[in-house]
Amino acid sequence: SRSISKMDKLQKIRNFQDSEYIDCIVPEGYIDFRAGMPGPEIAPVQLFKEGVAASLETLTDPSALTYGHVQGYKSFREAVAKFVTEETGTPISADSLWITGGNTTGVALISSLFIDSKDHPQKVAVVEQPTYYLLEKILTTLGYKLEHIPVDADGLLVDELEKRLDGGLKPTLLVTIPIYHNPTGVLLSKRRMDKLISLGSKHNFLVVADEPYSLLTWDMPPPPEEGEKGQQEGSARLGGIRSLSTHDTTVEGVVVSLGSFSKIFTPGVRLGWAHANPTLLAKLLTHPVLSSGGGLNNVMASMVQPIITQGKLQKYVASLRSIYGQRYSILCSALKKHLGGVASPVYEPQGGYFVSVKFEDEELDTRVLHEHLYKNQKVGIRPGADAGAPKNWMRLCVAFHNAEEIEEGIRLIAEGLAQMKQA
């Protein structure tokens, strides 16, 4: 992929957004690696129109427009269950699903339901370090005190968690991003998944698995089996990784996994699903928000349903796996070309949206770098410190910008870094 010259840069940057519909503005002419969403070039506008049309053609029951079933109506749950089962190779049932308004809504509702637990008066939530940069704000706003457990190439350091638990830590819940972690892109190993579930059961805390990227294994040649990840390889070939909740064999369930249409379709539908042991799910469905407002986004579910049942979503997701895999390869090549010996990926993710990159200069503050780049190169990066990572890390997204824009963005990061060092 050739670099884009400065003269035709503005013409070539096709992915930008500045509209009354959004808060996350990417101005025309900018390359913003912070944008964690599909770019305009791949937005499924026509696919959504087809889903809306198909839904309206079959809309005859007026009750479809009233307060909905709190769990989500059955035929949509059945469609989602079939879709996820086929994508991951692991059967799940409609009875084990709750239709949500997306993962952010799911995390907030679940966390608010359990915060006043009499068994956990300290109101402690465990999160990964680093983690999704807005997750901590959600939990602290609800009143949780946060405890952090580090992440390495095989995901959450569950042995470290065990030491902390044995030392007196008594969390109400733990929130993890086990599949293509944000921001590192790593995958929690099977051994650690099983041990985490065991610890949740033993120490009586809920495990909330935020899994918006679980169906986005990149379409790339599989790497040699390394570390503890080999157990997941069969699932990866299908394009989807089975949810943490499907490993939960406890009697009443300790894990709820959250999946989302935001990353595999489009964020604006505000639609997702929670999967858990039906006994645990029944507790979640007692939330007063559901009692008052009914099911979350049933009307939108009816518009997405035909896209699933007609097999169109499956084809779209498959295209995303190929596109994102290609973009990741371009990103890695560009890093070697423009920042070789200066910066490199921290890990080697196989799916999802994000790549964490570290600079060899441990004193480099990527918050300062971002400010310089945004002002002078019109490039945005997510500083590592925003997510609790070292200050010399940055998070880059492969979902918003196309391959040419990614390559040019890396070149401009190198240009801006050189300028800073000369100043």
# chains A, B, ... in the order shown; residues from 1 in each chain; ligands from 1
>>> select_by_dssp(residues="stretch 118-150 of chain A", states="alpha helix (DSSP H)", output="list in words")
Leu135, Glu136, Lys137, Ile138, Leu139, Thr140, Thr141 and Leu142 of chain A
>>> residues_around(residues="stretch 174-179 of chain A", least_positions_apart="2", cutoff="8 Å", atoms="only C-alpha atoms", output="PyMOL selection string")
chain A and resi 125-128+131+155-156+171-172+181-182+185-188+205-211+213-214+241+244
>>> residues_around(residues="stretch 145-151 of chain A", least_positions_apart="6", cutoff="8 Å", atoms="only C-alpha atoms", output="PyMOL selection string")
chain A and resi 122-130+136+139+157+160-161
>>> write_last_selection(atoms="N, CA, C and O atoms", output="short mmCIF file (atom, residue, chain, number, x, y, z; two decimals), in the first residue's frame")
data_model
loop_
_atom_site.label_atom_id
_atom_site.label_comp_id
_atom_site.auth_asym_id
_atom_site.auth_seq_id
_atom_site.Cartn_x
_atom_site.Cartn_y
_atom_site.Cartn_z
N GLN A 122 -18.73 -3.42 51.06
CA GLN A 122 -17.65 -2.52 50.67
C GLN A 122 -17.84 -1.97 49.25
O GLN A 122 -17.17 -1.03 48.86
N LYS A 123 -18.71 -2.55 48.47
CA LYS A 123 -19.01 -2.09 47.11
C LYS A 123 -17.74 -1.96 46.26
O LYS A 123 -17.40 -0.90 45.75
N VAL A 124 -17.05 -3.08 46.11
CA VAL A 124 -15.79 -3.11 45.36
C VAL A 124 -16.00 -3.81 44.02
O VAL A 124 -16.63 -4.86 43.95
N ALA A 125 -15.47 -3.21 42.96
CA ALA A 125 -15.46 -3.83 41.65
C ALA A 125 -14.01 -4.01 41.21
O ALA A 125 -13.19 -3.11 41.35
N VAL A 126 -13.71 -5.19 40.68
CA VAL A 126 -12.37 -5.46 40.15
C VAL A 126 -12.41 -5.24 38.64
O VAL A 126 -13.32 -5.70 37.95
N VAL A 127 -11.41 -4.51 38.14
CA VAL A 127 -11.27 -4.30 36.70
C VAL A 127 -9.84 -4.61 36.29
O VAL A 127 -8.93 -4.67 37.13
N GLU A 128 -9.65 -4.80 35.01
CA GLU A 128 -8.33 -5.08 34.48
C GLU A 128 -7.51 -3.80 34.37
O GLU A 128 -8.05 -2.70 34.32
N GLN A 129 -6.21 -3.97 34.34
CA GLN A 129 -5.32 -2.84 34.09
C GLN A 129 -4.29 -3.23 33.04
O GLN A 129 -3.48 -4.13 33.28
N PRO A 130 -4.39 -2.60 31.86
CA PRO A 130 -5.32 -1.55 31.45
C PRO A 130 -6.70 -2.11 31.11
O PRO A 130 -6.89 -3.32 31.01
N GLU A 136 -14.23 2.47 33.85
CA GLU A 136 -14.03 2.88 35.24
C GLU A 136 -14.98 4.01 35.63
O GLU A 136 -15.47 4.06 36.76
N LEU A 139 -18.43 2.61 36.50
CA LEU A 139 -18.48 1.94 37.80
C LEU A 139 -18.35 2.91 38.97
O LEU A 139 -19.06 2.78 39.97
N LEU A 157 -4.50 -11.63 34.84
CA LEU A 157 -3.62 -12.44 35.68
C LEU A 157 -4.46 -13.04 36.82
O LEU A 157 -4.52 -12.49 37.92
N GLU A 160 -2.83 -13.75 40.17
CA GLU A 160 -2.69 -12.54 40.99
C GLU A 160 -4.01 -12.20 41.67
O GLU A 160 -4.04 -11.81 42.84
N LEU A 161 -5.11 -12.36 40.92
CA LEU A 161 -6.44 -12.15 41.52
C LEU A 161 -6.64 -13.09 42.70
O LEU A 161 -7.14 -12.67 43.75
#
>>> closest_residue(among="A:Trp273, A:Tyr347, A:Tyr374, A:Trp98", to="A:Asp154", atoms="only C-alpha atoms")
A:Tyr347
>>> residues_around(residues="A:Ile115", least_positions_apart="4", cutoff="9 Å", atoms="only C-alpha atoms", output="number ranges by chain")
A: 110-111, 120-121, 123-124, 142-144, 172-173
>>> closest_residue(among="A:Ala274, A:Trp218, A:Pro40, A:Val107", to="A:Ala94", atoms="only C-alpha atoms")
A:Ala274
>>> select_by_dssp(residues="stretch 117-271 of chain A", states="strand (DSSP E or B)", output="PyMOL selection string")
chain A and resi 124-129+145-152+155-156+173-176+206-210+217+255-260
>>> residues_around(residues="A:Ile323", least_positions_apart="5", cutoff="9 Å", atoms="only C-alpha atoms", output="short mmCIF file (atom, residue, chain, number, x, y, z; two decimals) with N, CA, C and O atoms, in the first residue's frame")
data_model
loop_
_atom_site.label_atom_id
_atom_site.label_comp_id
_atom_site.auth_asym_id
_atom_site.auth_seq_id
_atom_site.Cartn_x
_atom_site.Cartn_y
_atom_site.Cartn_z
N TRP A 218 -9.99 -12.03 13.11
CA TRP A 218 -9.59 -11.58 11.78
C TRP A 218 -9.35 -12.74 10.84
O TRP A 218 -8.88 -13.81 11.23
N ASP A 219 -9.66 -12.51 9.58
CA ASP A 219 -9.47 -13.51 8.53
C ASP A 219 -8.02 -13.46 8.08
O ASP A 219 -7.65 -12.80 7.12
N ALA A 318 -18.56 -11.53 8.17
CA ALA A 318 -17.43 -12.19 7.49
C ALA A 318 -16.60 -11.17 6.72
O ALA A 318 -15.36 -11.25 6.69
N TYR A 328 -5.06 -4.59 9.89
CA TYR A 328 -4.05 -4.88 10.91
C TYR A 328 -2.71 -5.18 10.26
O TYR A 328 -1.66 -4.72 10.74
N VAL A 398 -8.41 -0.25 14.18
CA VAL A 398 -8.39 -0.66 12.77
C VAL A 398 -9.77 -0.62 12.14
O VAL A 398 -9.93 -1.02 10.98
N ALA A 399 -10.79 -0.13 12.87
CA ALA A 399 -12.16 -0.22 12.38
C ALA A 399 -12.61 1.01 11.61
O ALA A 399 -13.40 0.89 10.67
N ASN A 402 -9.60 3.34 6.60
CA ASN A 402 -9.24 2.28 5.65
C ASN A 402 -7.72 2.08 5.63
O ASN A 402 -6.96 2.78 6.32
N ALA A 403 -7.27 1.11 4.83
CA ALA A 403 -5.86 0.72 4.84
C ALA A 403 -4.94 1.88 4.46
O ALA A 403 -3.90 2.08 5.08
#
